[in-house]
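Engineer: So here's model_21.tsv (TSV, C-alpha atoms).
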```
chain	number	residue	atom	x	y	z
L	1	MET	CA	-97.08	55.33	-271.70
L	2	PHE	CA	-95.21	58.60	-271.35
L	3	THR	CA	-95.82	62.04	-272.74
L	4	THR	CA	-93.52	64.96	-273.50
L	5	ARG	CA	-94.36	68.40	-274.84
L	6	THR	CA	-92.36	70.32	-277.34
L	7	PRO	CA	-93.18	73.48	-279.32
L	8	ALA	CA	-91.94	71.94	-282.56
L	9	VAL	CA	-91.20	68.54	-284.02
L	10	ARG	CA	-87.55	68.21	-284.99
L	11	GLY	CA	-85.51	65.25	-286.23
L	12	VAL	CA	-86.54	61.62	-286.31
L	13	PHE	CA	-88.28	60.02	-283.33
L	14	TRP	CA	-88.08	56.38	-282.34
L	15	LYS	CA	-90.34	54.18	-284.41
L	16	ASN	CA	-92.11	52.67	-281.43
L	17	LEU	CA	-93.38	56.09	-280.40
L	18	ALA	CA	-96.35	57.95	-281.83
L	19	LEU	CA	-96.58	61.72	-282.33
L	20	VAL	CA	-100.01	63.13	-281.47
L	21	LEU	CA	-100.88	66.76	-282.25
L	22	LEU	CA	-102.70	68.29	-279.29
L	23	LEU	CA	-105.33	71.02	-279.43
L	24	ASP	CA	-102.91	73.64	-278.09
L	25	GLY	CA	-100.50	73.01	-280.95
L	26	THR	CA	-98.00	71.02	-278.91
L	27	VAL	CA	-97.04	67.44	-279.53
L	28	SER	CA	-97.69	64.43	-277.31
L	29	LEU	CA	-95.13	61.63	-277.58
L	30	GLU	CA	-96.74	58.31	-276.64
L	31	ALA	CA	-95.74	54.68	-276.75
L	32	LEU	CA	-97.67	52.77	-279.38
L	33	ALA	CA	-100.39	50.49	-278.04
L	34	VAL	CA	-99.67	46.78	-277.78
L	35	PRO	CA	-101.61	44.72	-280.36
L	36	SER	CA	-104.64	42.85	-279.07
L	37	GLY	CA	-106.97	40.02	-279.97
L	38	PRO	CA	-109.70	37.93	-278.38
L	39	GLY	CA	-108.40	34.84	-276.65
L	40	VAL	CA	-104.72	35.87	-276.66
L	41	THR	CA	-102.52	37.73	-274.20
L	42	ILE	CA	-99.93	39.87	-275.99
L	43	SER	CA	-96.89	41.52	-274.42
L	44	ALA	CA	-93.74	43.22	-275.68
L	45	TYR	CA	-91.01	40.60	-275.28
L	46	ASP	CA	-88.18	42.96	-276.22
L	47	VAL	CA	-87.42	46.04	-278.34
L	48	PRO	CA	-84.50	45.35	-280.71
L	49	VAL	CA	-84.12	47.76	-283.61
L	50	ASP	CA	-85.40	46.65	-287.06
L	51	PRO	CA	-86.29	43.04	-286.13
L	52	VAL	CA	-86.93	40.59	-288.96
L	53	GLY	CA	-86.21	36.81	-288.90
L	54	LEU	CA	-86.49	34.89	-285.62
L	55	SER	CA	-84.76	31.69	-284.46
L	56	PHE	CA	-84.53	30.25	-280.94
L	57	GLY	CA	-81.32	28.91	-279.46
L	58	ALA	CA	-81.03	25.81	-277.29
L	59	ASP	CA	-80.92	27.86	-274.07
L	60	GLY	CA	-84.04	29.89	-274.94
L	61	ALA	CA	-82.20	32.88	-276.35
L	62	LEU	CA	-83.89	34.39	-279.38
L	63	PHE	CA	-81.72	35.41	-282.33
L	64	VAL	CA	-83.21	38.20	-284.38
L	65	GLY	CA	-82.33	39.10	-287.95
L	66	ARG	CA	-82.17	42.74	-288.93
L	67	ASP	CA	-82.90	44.99	-291.92
L	68	ASN	CA	-81.31	48.42	-291.80
L	69	ALA	CA	-83.92	49.77	-294.23
L	70	GLY	CA	-86.22	49.96	-291.22
L	71	SER	CA	-84.03	52.76	-289.87
L	72	GLY	CA	-83.72	54.61	-293.16
L	73	GLY	CA	-80.65	52.75	-294.45
L	74	GLY	CA	-80.39	50.17	-297.20
L	75	ASN	CA	-81.72	46.61	-297.26
L	76	ALA	CA	-78.24	45.19	-297.90
L	77	ASP	CA	-76.37	47.27	-295.31
L	78	PRO	CA	-74.01	45.25	-293.08
L	79	VAL	CA	-75.26	45.30	-289.49
L	80	ARG	CA	-75.09	42.99	-286.49
L	81	ILE	CA	-78.03	40.79	-285.55
L	82	HIS	CA	-79.59	40.77	-282.07
L	83	ARG	CA	-79.61	38.19	-279.30
L	84	ILE	CA	-82.51	38.49	-276.84
L	85	ALA	CA	-81.69	36.87	-273.53
L	86	PRO	CA	-83.87	33.94	-272.38
L	87	GLY	CA	-87.09	35.32	-270.95
L	88	GLY	CA	-86.86	38.59	-272.89
L	89	GLY	CA	-86.40	42.13	-271.64
L	90	SER	CA	-82.69	42.30	-272.46
L	91	HIS	CA	-80.94	42.19	-275.81
L	92	ALA	CA	-77.54	42.93	-277.32
L	93	GLU	CA	-75.96	42.96	-280.76
L	94	TYR	CA	-74.53	39.56	-281.62
L	95	GLY	CA	-71.40	38.74	-283.63
L	96	LEU	CA	-68.05	40.47	-283.51
L	97	VAL	CA	-68.52	42.01	-286.97
L	98	ALA	CA	-71.50	43.05	-289.07
L	99	THR	CA	-72.82	40.82	-291.84
L	100	PRO	CA	-74.54	42.07	-295.02
L	101	ASP	CA	-78.34	42.08	-295.11
L	102	PRO	CA	-78.74	39.71	-292.11
L	103	ASP	CA	-82.52	39.42	-292.15
L	104	ALA	CA	-82.65	35.58	-292.40
L	105	VAL	CA	-81.30	33.65	-289.38
L	106	PHE	CA	-81.20	30.01	-288.29
L	107	PHE	CA	-79.82	28.53	-285.05
L	108	ASP	CA	-77.77	25.41	-285.84
L	109	GLY	CA	-77.81	23.62	-282.49
L	110	THR	CA	-75.88	20.51	-283.56
L	111	GLY	CA	-73.55	22.14	-286.05
L	112	ALA	CA	-74.78	19.77	-288.77
L	113	PHE	CA	-74.86	22.55	-291.35
L	114	SER	CA	-72.39	25.12	-290.07
L	115	GLY	CA	-69.72	22.78	-288.68
L	116	VAL	CA	-69.82	24.13	-285.12
L	117	ALA	CA	-72.64	23.43	-282.66
L	118	GLY	CA	-74.49	26.52	-281.45
L	119	SER	CA	-73.68	28.63	-284.50
L	120	VAL	CA	-76.20	31.07	-285.97
L	121	ILE	CA	-76.47	30.88	-289.76
L	122	VAL	CA	-77.12	34.24	-291.40
L	123	GLY	CA	-78.04	34.79	-295.04
L	124	GLY	CA	-78.07	37.96	-297.08
L	125	ARG	CA	-77.09	39.89	-300.18
L	126	PRO	CA	-74.07	42.21	-299.99
L	127	ALA	CA	-74.81	45.76	-301.14
L	128	GLY	CA	-74.38	46.29	-304.87
L	129	SER	CA	-73.76	42.61	-305.47
L	130	ALA	CA	-75.52	40.02	-307.62
L	131	THR	CA	-74.13	37.22	-305.47
L	132	GLY	CA	-75.43	35.97	-302.15
L	133	LYS	CA	-73.53	35.08	-299.02
L	134	ILE	CA	-74.28	32.79	-296.08
L	135	SER	CA	-72.24	33.24	-292.91
L	136	ALA	CA	-72.10	31.62	-289.50
L	137	ILE	CA	-71.72	33.41	-286.20
L	138	ARG	CA	-69.86	31.09	-283.86
L	139	PRO	CA	-70.68	30.86	-280.13
L	140	ASN	CA	-67.57	32.99	-279.42
L	141	GLY	CA	-68.93	35.72	-281.70
L	142	SER	CA	-66.51	35.20	-284.57
L	143	VAL	CA	-68.02	35.32	-288.06
L	144	VAL	CA	-67.02	32.97	-290.88
L	145	THR	CA	-68.26	32.60	-294.43
L	146	LEU	CA	-69.95	29.26	-295.08
L	147	TRP	CA	-70.94	29.67	-298.72
L	148	GLY	CA	-70.53	32.44	-301.24
L	149	PRO	CA	-70.33	35.03	-302.52
L	150	ASN	CA	-72.14	32.83	-304.98
L	151	ALA	CA	-74.06	33.66	-308.13
L	152	THR	CA	-76.17	30.50	-307.72
L	153	PHE	CA	-78.09	32.11	-304.88
L	154	VAL	CA	-78.43	35.87	-304.60
L	155	ASN	CA	-80.58	36.69	-301.59
L	156	PRO	CA	-81.19	33.86	-299.07
L	157	SER	CA	-84.50	34.80	-297.49
L	158	ASP	CA	-85.72	32.10	-295.08
L	159	PHE	CA	-84.29	28.89	-293.57
L	160	LEU	CA	-85.78	25.71	-292.13
L	161	ALA	CA	-84.53	22.22	-291.26
L	162	ASP	CA	-86.64	19.19	-292.11
L	163	ALA	CA	-86.88	15.70	-290.61
L	164	SER	CA	-84.58	14.20	-293.25
L	165	GLY	CA	-81.63	16.31	-292.07
L	166	ARG	CA	-81.71	18.95	-294.79
L	167	LEU	CA	-81.37	22.69	-294.38
L	168	LEU	CA	-83.69	24.35	-296.89
L	169	PHE	CA	-83.77	27.99	-297.85
L	170	THR	CA	-85.56	30.24	-300.29
L	171	ASP	CA	-83.90	32.79	-302.55
L	172	PHE	CA	-86.20	35.69	-303.32
L	173	GLU	CA	-84.08	36.86	-306.26
L	174	THR	CA	-83.48	33.64	-308.24
L	175	SER	CA	-86.84	31.88	-307.67
L	176	HIS	CA	-85.02	28.72	-306.49
L	177	VAL	CA	-85.37	26.67	-303.31
L	178	PHE	CA	-82.04	25.29	-302.09
L	179	GLN	CA	-80.97	22.38	-299.90
L	180	THR	CA	-77.80	21.43	-298.06
L	181	THR	CA	-76.73	18.79	-295.57
L	182	GLY	CA	-73.54	20.67	-294.78
L	183	GLY	CA	-71.90	20.98	-298.17
L	184	ALA	CA	-72.36	23.61	-300.85
L	185	PRO	CA	-76.08	24.36	-301.31
L	186	ALA	CA	-77.74	22.86	-304.38
L	187	ILE	CA	-81.04	23.70	-306.05
L	188	LEU	CA	-83.83	21.47	-304.73
L	189	PHE	CA	-86.39	22.78	-307.19
L	190	SER	CA	-87.15	25.86	-309.26
L	191	PRO	CA	-90.81	26.79	-308.95
L	192	GLY	CA	-90.44	29.89	-311.13
L	193	VAL	CA	-92.00	31.96	-308.35
L	194	ARG	CA	-90.10	34.34	-306.10
L	195	TYR	CA	-90.88	32.85	-302.72
L	196	ARG	CA	-89.67	34.64	-299.64
L	197	GLU	CA	-90.86	32.38	-296.80
L	198	ILE	CA	-90.89	28.62	-296.27
L	199	SER	CA	-92.65	26.56	-293.57
L	200	LEU	CA	-92.91	22.83	-292.94
L	201	HIS	CA	-96.23	21.17	-292.17
L	202	PRO	CA	-95.70	19.34	-288.85
L	203	SER	CA	-97.45	16.11	-289.88
L	204	THR	CA	-97.48	15.83	-293.68
L	205	GLY	CA	-93.93	17.10	-294.28
L	206	ASN	CA	-95.19	19.27	-297.13
L	207	LEU	CA	-93.53	22.61	-297.79
L	208	TYR	CA	-95.61	25.78	-297.68
L	209	LEU	CA	-94.06	28.67	-299.58
L	210	ARG	CA	-95.25	32.25	-299.53
L	211	ASN	CA	-94.82	34.94	-302.14
L	212	SER	CA	-95.10	38.47	-300.79
L	213	VAL	CA	-95.62	39.94	-304.28
L	214	SER	CA	-98.42	37.77	-305.69
L	215	HIS	CA	-99.73	37.14	-302.15
L	216	GLN	CA	-100.02	33.39	-302.63
L	217	ILE	CA	-99.17	30.47	-300.35
L	218	ASN	CA	-98.53	27.29	-302.33
L	219	ILE	CA	-97.93	23.71	-301.18
L	220	TYR	CA	-95.13	21.47	-302.48
L	221	ASN	CA	-94.14	18.01	-301.35
L	222	ALA	CA	-90.71	17.27	-299.84
L	223	SER	CA	-89.24	16.76	-303.33
L	224	GLY	CA	-90.55	20.09	-304.60
L	225	VAL	CA	-93.52	18.87	-306.62
L	226	PHE	CA	-96.42	21.34	-306.65
L	227	GLN	CA	-99.51	20.09	-304.80
L	228	SER	CA	-102.00	22.97	-304.59
L	229	THR	CA	-102.56	26.62	-303.78
L	230	PHE	CA	-103.32	26.89	-300.08
L	231	SER	CA	-104.30	30.55	-299.92
L	232	SER	CA	-104.16	33.74	-301.94
L	233	GLY	CA	-104.84	37.44	-301.50
L	234	ILE	CA	-103.06	37.87	-298.15
L	235	ASP	CA	-100.42	40.60	-298.25
L	236	GLY	CA	-97.55	41.06	-295.81
L	237	THR	CA	-94.89	38.68	-294.43
L	238	GLY	CA	-94.42	36.18	-291.59
L	239	MET	CA	-95.57	32.56	-291.50
L	240	ASP	CA	-95.25	29.54	-289.19
L	241	PHE	CA	-97.16	26.43	-288.12
L	242	GLY	CA	-98.39	25.93	-284.58
L	243	ARG	CA	-96.63	23.23	-282.56
L	244	GLY	CA	-99.74	21.70	-281.01
L	245	GLY	CA	-101.27	22.62	-277.67
L	246	SER	CA	-103.71	25.50	-277.70
L	247	TRP	CA	-102.35	26.77	-281.02
L	248	GLY	CA	-102.98	23.47	-282.78
L	249	ASN	CA	-101.10	22.78	-286.00
L	250	SER	CA	-102.71	25.59	-287.96
L	251	LEU	CA	-100.76	27.95	-290.22
L	252	TYR	CA	-100.38	31.45	-288.78
L	253	VAL	CA	-99.68	34.27	-291.21
L	254	GLY	CA	-98.80	37.94	-290.88
L	255	SER	CA	-100.89	40.34	-292.93
L	256	THR	CA	-99.09	43.65	-292.26
L	257	THR	CA	-101.07	44.89	-289.24
L	258	ARG	CA	-103.03	41.67	-288.60
L	259	LEU	CA	-102.16	38.16	-287.47
L	260	LEU	CA	-104.25	35.49	-289.19
L	261	ARG	CA	-104.87	31.80	-288.77
L	262	VAL	CA	-105.31	30.43	-292.29
L	263	ASN	CA	-107.32	27.22	-292.57
L	264	GLY	CA	-107.54	26.97	-296.36
L	265	PRO	CA	-108.23	28.88	-299.57
L	266	ALA	CA	-111.44	30.48	-298.29
L	267	SER	CA	-111.08	30.19	-294.54
L	268	GLN	CA	-109.11	32.46	-292.23
L	269	ASP	CA	-109.52	33.90	-288.75
L	270	THR	CA	-108.11	37.14	-287.39
L	271	ILE	CA	-106.14	36.33	-284.23
L	272	ALA	CA	-104.87	39.81	-283.38
L	273	THR	CA	-104.71	43.33	-284.79
L	274	GLY	CA	-102.77	46.50	-284.09
L	275	PHE	CA	-99.32	45.55	-285.37
L	276	THR	CA	-97.41	48.11	-287.41
L	277	ARG	CA	-95.74	45.75	-289.91
L	278	ILE	CA	-95.27	42.08	-289.10
L	279	SER	CA	-91.99	40.72	-290.41
L	280	ASP	CA	-91.74	37.17	-289.00
L	281	ILE	CA	-93.53	34.58	-286.83
L	282	GLU	CA	-91.84	31.87	-284.74
L	283	PHE	CA	-93.09	29.47	-282.09
L	284	GLY	CA	-90.86	29.22	-279.05
L	285	PRO	CA	-89.88	26.36	-276.74
L	286	ASP	CA	-92.44	27.64	-274.21
L	287	GLU	CA	-95.24	27.10	-276.81
L	288	SER	CA	-95.78	30.85	-277.08
L	289	MET	CA	-95.91	32.58	-280.45
L	290	TYR	CA	-93.34	35.31	-281.15
L	291	VAL	CA	-93.97	38.03	-283.74
L	292	SER	CA	-91.41	40.57	-284.94
L	293	ASP	CA	-92.70	43.99	-285.95
L	294	ILE	CA	-90.03	45.90	-287.86
L	295	GLU	CA	-91.80	49.26	-287.79
L	296	ALA	CA	-92.50	49.10	-284.05
L	297	ASP	CA	-88.96	47.86	-283.24
L	298	THR	CA	-90.59	45.19	-281.09
L	299	VAL	CA	-90.77	41.43	-280.74
L	300	TYR	CA	-94.13	40.45	-279.21
L	301	ARG	CA	-94.99	37.30	-277.29
L	302	LEU	CA	-98.51	35.87	-277.70
L	303	ARG	CA	-100.07	33.32	-275.37
L	304	PRO	CA	-103.57	31.84	-275.55
L	305	THR	CA	-105.83	33.06	-272.79
L	306	GLU	CA	-107.18	29.90	-271.20
L	307	THR	CA	-109.30	30.56	-268.13
L	308	SER	CA	-110.99	27.66	-266.41
L	309	VAL	CA	-114.59	27.98	-265.27
L	310	GLU	CA	-113.44	27.58	-261.67
L	311	GLU	CA	-111.19	30.64	-262.04
L	312	LEU	CA	-114.01	32.77	-263.41
L	313	GLY	CA	-115.84	32.94	-260.09
L	314	SER	CA	-119.45	33.49	-261.05
L	315	VAL	CA	-120.27	32.13	-264.50
L	316	SER	CA	-122.87	34.85	-264.81
L	317	SER	CA	-120.04	37.40	-265.04
L	318	PRO	CA	-119.65	39.13	-268.43
L	319	ALA	CA	-116.08	37.77	-268.45
L	320	ALA	CA	-117.29	34.18	-268.35
L	321	PHE	CA	-116.07	32.91	-271.70
L	322	ALA	CA	-114.14	29.65	-271.44
L	323	LEU	CA	-113.70	26.15	-272.73
L	324	ALA	CA	-112.85	24.78	-269.33
L	325	HIS	CA	-112.06	21.13	-269.86
L	326	PHE	CA	-113.01	17.74	-271.24
L	327	ALA	CA	-113.53	15.00	-268.67
L	328	PRO	CA	-112.12	12.49	-269.13
L	329	ASN	CA	-109.24	13.51	-271.38
L	330	PRO	CA	-107.88	11.29	-272.92
L	331	PHE	CA	-111.13	9.35	-273.44
L	332	THR	CA	-112.19	6.15	-275.17
L	333	GLY	CA	-115.98	6.37	-275.27
L	334	ASP	CA	-117.73	9.58	-274.23
L	335	THR	CA	-116.39	12.76	-272.68
L	336	GLN	CA	-118.07	15.74	-271.00
L	337	ILE	CA	-117.44	19.19	-272.43
L	338	GLU	CA	-117.62	22.07	-269.99
L	339	PHE	CA	-117.77	25.66	-271.24
L	340	ALA	CA	-119.15	29.05	-270.22
L	341	LEU	CA	-120.66	31.89	-272.25
L	342	PRO	CA	-121.16	35.54	-271.24
L	343	GLU	CA	-124.56	35.92	-272.90
L	344	ARG	CA	-127.19	34.14	-274.93
L	345	GLY	CA	-126.32	33.54	-278.57
L	346	TYR	CA	-125.13	31.15	-281.22
L	347	GLY	CA	-122.10	29.11	-280.22
L	348	ARG	CA	-120.40	25.94	-281.21
L	349	VAL	CA	-117.54	23.62	-280.27
L	350	ALA	CA	-115.80	22.36	-283.40
L	351	ILE	CA	-113.19	19.59	-283.49
L	352	TYR	CA	-110.10	19.83	-285.72
L	353	ASP	CA	-107.43	17.27	-286.56
L	354	VAL	CA	-103.71	18.06	-286.45
L	355	THR	CA	-103.76	19.35	-290.04
L	356	GLY	CA	-106.32	22.00	-289.10
L	357	ARG	CA	-109.21	20.25	-290.89
L	358	GLU	CA	-112.60	20.43	-289.18
L	359	VAL	CA	-113.70	16.83	-288.54
L	360	ALA	CA	-116.64	17.14	-286.12
L	361	ILE	CA	-119.03	19.55	-284.45
L	362	ALA	CA	-119.61	18.62	-280.82
L	363	VAL	CA	-121.89	21.56	-279.93
L	364	SER	CA	-123.86	23.85	-282.23
L	365	GLY	CA	-126.86	26.14	-281.84
L	366	ILE	CA	-128.30	28.88	-279.68
L	367	GLN	CA	-126.79	28.64	-276.20
L	368	GLU	CA	-127.95	30.30	-273.00
L	369	ARG	CA	-125.73	32.48	-270.87
L	370	GLY	CA	-123.72	30.71	-268.18
L	371	LEU	CA	-122.15	27.32	-267.57
L	372	HIS	CA	-122.77	24.40	-269.93
L	373	ARG	CA	-121.96	20.70	-269.64
L	374	GLN	CA	-122.60	18.44	-272.59
L	375	ARG	CA	-121.63	14.88	-273.49
L	376	TRP	CA	-119.83	14.09	-276.74
L	377	ASP	CA	-119.31	10.56	-278.03
L	378	GLY	CA	-116.28	11.32	-280.19
L	379	ALA	CA	-118.24	10.95	-283.43
L	380	GLY	CA	-117.24	12.86	-286.53
L	381	ARG	CA	-119.27	13.79	-289.56
L	382	GLY	CA	-121.68	11.03	-290.58
L	383	GLY	CA	-121.73	9.62	-287.07
L	384	VAL	CA	-118.52	7.62	-287.47
L	385	ARG	CA	-116.33	7.76	-284.39
L	386	LEU	CA	-112.98	9.48	-284.84
L	387	SER	CA	-109.86	7.36	-284.70
L	388	SER	CA	-107.30	7.50	-281.90
L	389	GLY	CA	-105.03	10.50	-281.80
L	390	ALA	CA	-104.71	14.15	-280.84
L	391	TYR	CA	-107.36	16.70	-281.82
L	392	PHE	CA	-108.18	20.30	-280.99
L	393	ALA	CA	-111.54	21.55	-279.76
L	394	ARG	CA	-112.38	25.18	-280.44
L	395	LEU	CA	-115.21	27.07	-278.71
L	396	GLU	CA	-116.50	29.78	-281.06
L	397	PHE	CA	-118.90	32.47	-279.92
L	398	ALA	CA	-119.58	36.07	-281.02
L	399	GLY	CA	-116.27	36.43	-282.82
L	400	ARG	CA	-114.30	35.02	-279.90
L	401	GLU	CA	-112.67	31.62	-279.62
L	402	VAL	CA	-110.55	29.47	-277.35
L	403	THR	CA	-108.91	26.13	-278.10
L	404	ARG	CA	-107.97	23.08	-276.04
L	405	LYS	CA	-106.18	19.88	-276.95
L	406	ILE	CA	-108.04	16.60	-276.58
L	407	VAL	CA	-106.86	13.01	-277.05
L	408	ILE	CA	-108.96	10.02	-278.16
L	409	ALA	CA	-107.58	6.66	-277.07
L	410	ARG	CA	-109.64	3.83	-278.61
```
Could I get this structure in the form of structure tokens?
Structural biologist:
Amino acid sequence: MFTTRTPAVRGVFWKNLALVLLLDGTVSLEALAVPSGPGVTISAYDVPVDPVGLSFGADGALFVGRDNAGSGGGNADPVRIHRIAPGGGSHAEYGLVATPDPDAVFFDGTGAFSGVAGSVIVGGRPAGSATGKISAIRPNGSVVTLWGPNATFVNPSDFLADASGRLLFTDFETSHVFQTTGGAPAILFSPGVRYREISLHPSTGNLYLRNSVSHQINIYNASGVFQSTFSSGIDGTGMDFGRGGSWGNSLYVGSTTRLLRVNGPASQDTIATGFTRISDIEFGPDESMYVSDIEADTVYRLRPTETSVEELGSVSSPAAFALAHFAPNPFTGDTQIEFALPERGYGRVAIYDVTGREVAIAVSGIQERGLHRQRWDGAGRGGVRLSSGAYFARLEFAGREVTRKIVIAR
């Protein structure tokens, strides 16, 4: 944090700085606080201006879409996207020329869709136009038009590739979802709803689409047939599924200043708070979560805080909150759960499958302060043992939680 004093406020200050009026009438200029949440470690990964869409390259570089409206310009203004170097802390504008409205980005590692491996696909709507345009930034920085200007799609808003080799994208203006395998994009289905974001469930292959106006997340199958409403009433933008590990395969959603884990229509957990305006969520190759905050001009990296009981020193310490390990893991019959709590109170260890559905409760009830070891036989609800596969155990206590992956091998 740094502070400057000035007798008057003039001009426009950087967005990631806060102006604080002091008692003597002067102004304190301070860096905004980093968001925080129980069980996660959050750091500023980099500070590119107006960050929106996120997509990782094969070498770990992070390509960041951009919306000039965040700096007082127009949504459709042509600007250059950002490339954050692997590891963060250093970024530069990417592409030899600006592209219109480049908020949606997708790294095409194989070149299956763009024609050249390592290209970055960028979608947007040129200013004053009713036709959309999708470009590709080649590895040498040159920019070529892939498709458009095209009245079929007007404002490509979010990209994803699925297991069948399709590139899918939403169009916020036309209410269509498009597909391509390298040729001209065609309409996959027309839900009649203006979806902005699209995510792919890692195990079912279903498509989750989010509308930032009606605040609904709806589920469609791979062919575009409506399945159900997953959640409603959550404003904001940003959505992605966890890739396993400590994050599980839950759906994580931005709600303006909050980051949520959404488990279903009436179930959600707050993971972190203190963002200014979340614009996108992406899981990286290091299994960390990355969140772009357009108003703070920052891309944050989030990592689960997993502290083993051995690292805590004395388990009587107030900091002693941990789901240390399962032994054995993987296991066939029983396993021993080891966890620590900072005080007496109600706690539980719940077991979730890869879809995020709660399938068992291994520990539940009033727990004493300190270290706990308890056997679990791998039984789910009704006493029937769970089948082989990967699961996620979550210790929940006093509004805090920590998750570990477990494997049953029958």
Engineer: Quick one: distance from atom CA of L:Tyr94 to atom CA of L:Tyr252 in Å, one decimal?
Structural biologist: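 Taking atom CA of L:Tyr94 as the start and atom CA of L:Tyr252 as the end point, the length is 28.0 Å.
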Engineer: Which one of L:Asp158, L:Tyr208, L:Phe226, L:His82 sits closest to L:Pro191 if you count only C-alpha atoms?
Structural biologist: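 When distances to L:Pro191 are compared using only C-alpha atoms, the smallest one comes from L:Phe226.
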Engineer: Distance table requested - stretch 59-112 of chain L against stretch 284-299 of chain L, cut-off 9 Å, all atoms listed in the file: one row per qualifying residue with the closest atom pair and its distance in Å to one decimal, ordered by chain and rising residue number, as a Markdown table.
Structural biologist:
```
| residue | atom | partner | partner_atom | distance |
| --- | --- | --- | --- | --- |
| L:Gly60 | CA | L:Pro285 | CA | 7.1 |
| L:Leu62 | CA | L:Gly284 | CA | 8.7 |
| L:Val64 | CA | L:Ser292 | CA | 8.6 |
| L:Arg66 | CA | L:Ile294 | CA | 8.5 |
| L:Asp67 | CA | L:Ile294 | CA | 8.3 |
| L:Gly70 | CA | L:Ile294 | CA | 6.5 |
| L:Ser71 | CA | L:Glu295 | CA | 8.8 |
```
Engineer: Given all atoms listed in the file as the basis, pick out the residue of L:Phe283, L:Thr335, L:Ile187, L:Ser164 nearest to L:Arg373.
Structural biologist: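 That would be L:Thr335, the residue with the smallest distance to L:Arg373.
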Engineer: For L:Ser142, which residue among L:Asn249, L:Gln179, L:Ser203, L:Thr99 is the nearest when counting all atoms listed in the file?
Structural biologist: L:Thr99
Engineer: Under the rule of at most 12 Å, produce a per-residue listing of stretch 331-408 of chain L near stretch 264-268 of chain L: chain, number, name, the closest pair of atoms, and the distance in Å, as a Markdown table, using all atoms listed in the file.
Structural biologist:
```
| residue | atom | partner | partner_atom | distance |
| --- | --- | --- | --- | --- |
| L:Thr355 | CA | L:Gly264 | CA | 10.6 |
| L:Gly356 | CA | L:Gly264 | CA | 8.9 |
| L:Arg357 | CA | L:Gly264 | CA | 8.8 |
| L:Glu358 | CA | L:Gly264 | CA | 11.0 |
```
Engineer: Which residue out of L:Asn221, L:Arg394, L:Phe331, L:Phe326 has the minimum interatomic distance to L:Gln374 when only C-alpha atoms are used?
Structural biologist: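 Closest candidate: L:Phe326.
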Engineer: Which is closer to L:Ile198 than all the others in L:Ile337, L:Met239, L:Ala76, L:Leu371, using all atoms listed in the file?
Structural biologist: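 Ranked by minimum distance to L:Ile198, first place goes to L:Met239.
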Engineer: Using all atoms listed in the file, which residues sit within 6 Å of L:Ala104 once same-chain residues fewer than 5 positions away are excluded, as a PyMOL selection string?
Structural biologist: chain L and resi 53+65+122-123+157-158
Engineer: Can you spit out stretch 127-142 of chain L with C-alpha atoms, as an mmCIF file, in the first residue's frame, from the structure just given?
Structural biologist:
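decode_33.cif, written as the output of this step:
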```
data_model
loop_
_atom_site.group_PDB
_atom_site.id
_atom_site.type_symbol
_atom_site.label_atom_id
_atom_site.label_comp_id
_atom_site.auth_asym_id
_atom_site.auth_seq_id
_atom_site.Cartn_x
_atom_site.Cartn_y
_atom_site.Cartn_z
ATOM 1 C CA ALA L 127 -18.446 -0.360 -33.381
ATOM 2 C CA GLY L 128 -21.681 0.746 -35.031
ATOM 3 C CA SER L 129 -22.098 -2.598 -36.759
ATOM 4 C CA ALA L 130 -24.862 -5.203 -36.670
ATOM 5 C CA THR L 131 -22.423 -7.883 -37.825
ATOM 6 C CA GLY L 132 -19.938 -9.819 -35.736
ATOM 7 C CA LYS L 133 -16.346 -10.666 -36.480
ATOM 8 C CA ILE L 134 -14.025 -13.431 -35.295
ATOM 9 C CA SER L 135 -10.293 -12.956 -35.795
ATOM 10 C CA ALA L 136 -7.160 -14.938 -35.050
ATOM 11 C CA ILE L 137 -3.925 -13.555 -33.686
ATOM 12 C CA ARG L 138 -1.115 -15.689 -35.058
ATOM 13 C CA PRO L 139 1.975 -16.587 -32.981
ATOM 14 C CA ASN L 140 3.930 -13.933 -34.928
ATOM 15 C CA GLY L 141 1.393 -11.292 -33.876
ATOM 16 C CA SER L 142 -0.300 -10.880 -37.247
#
```
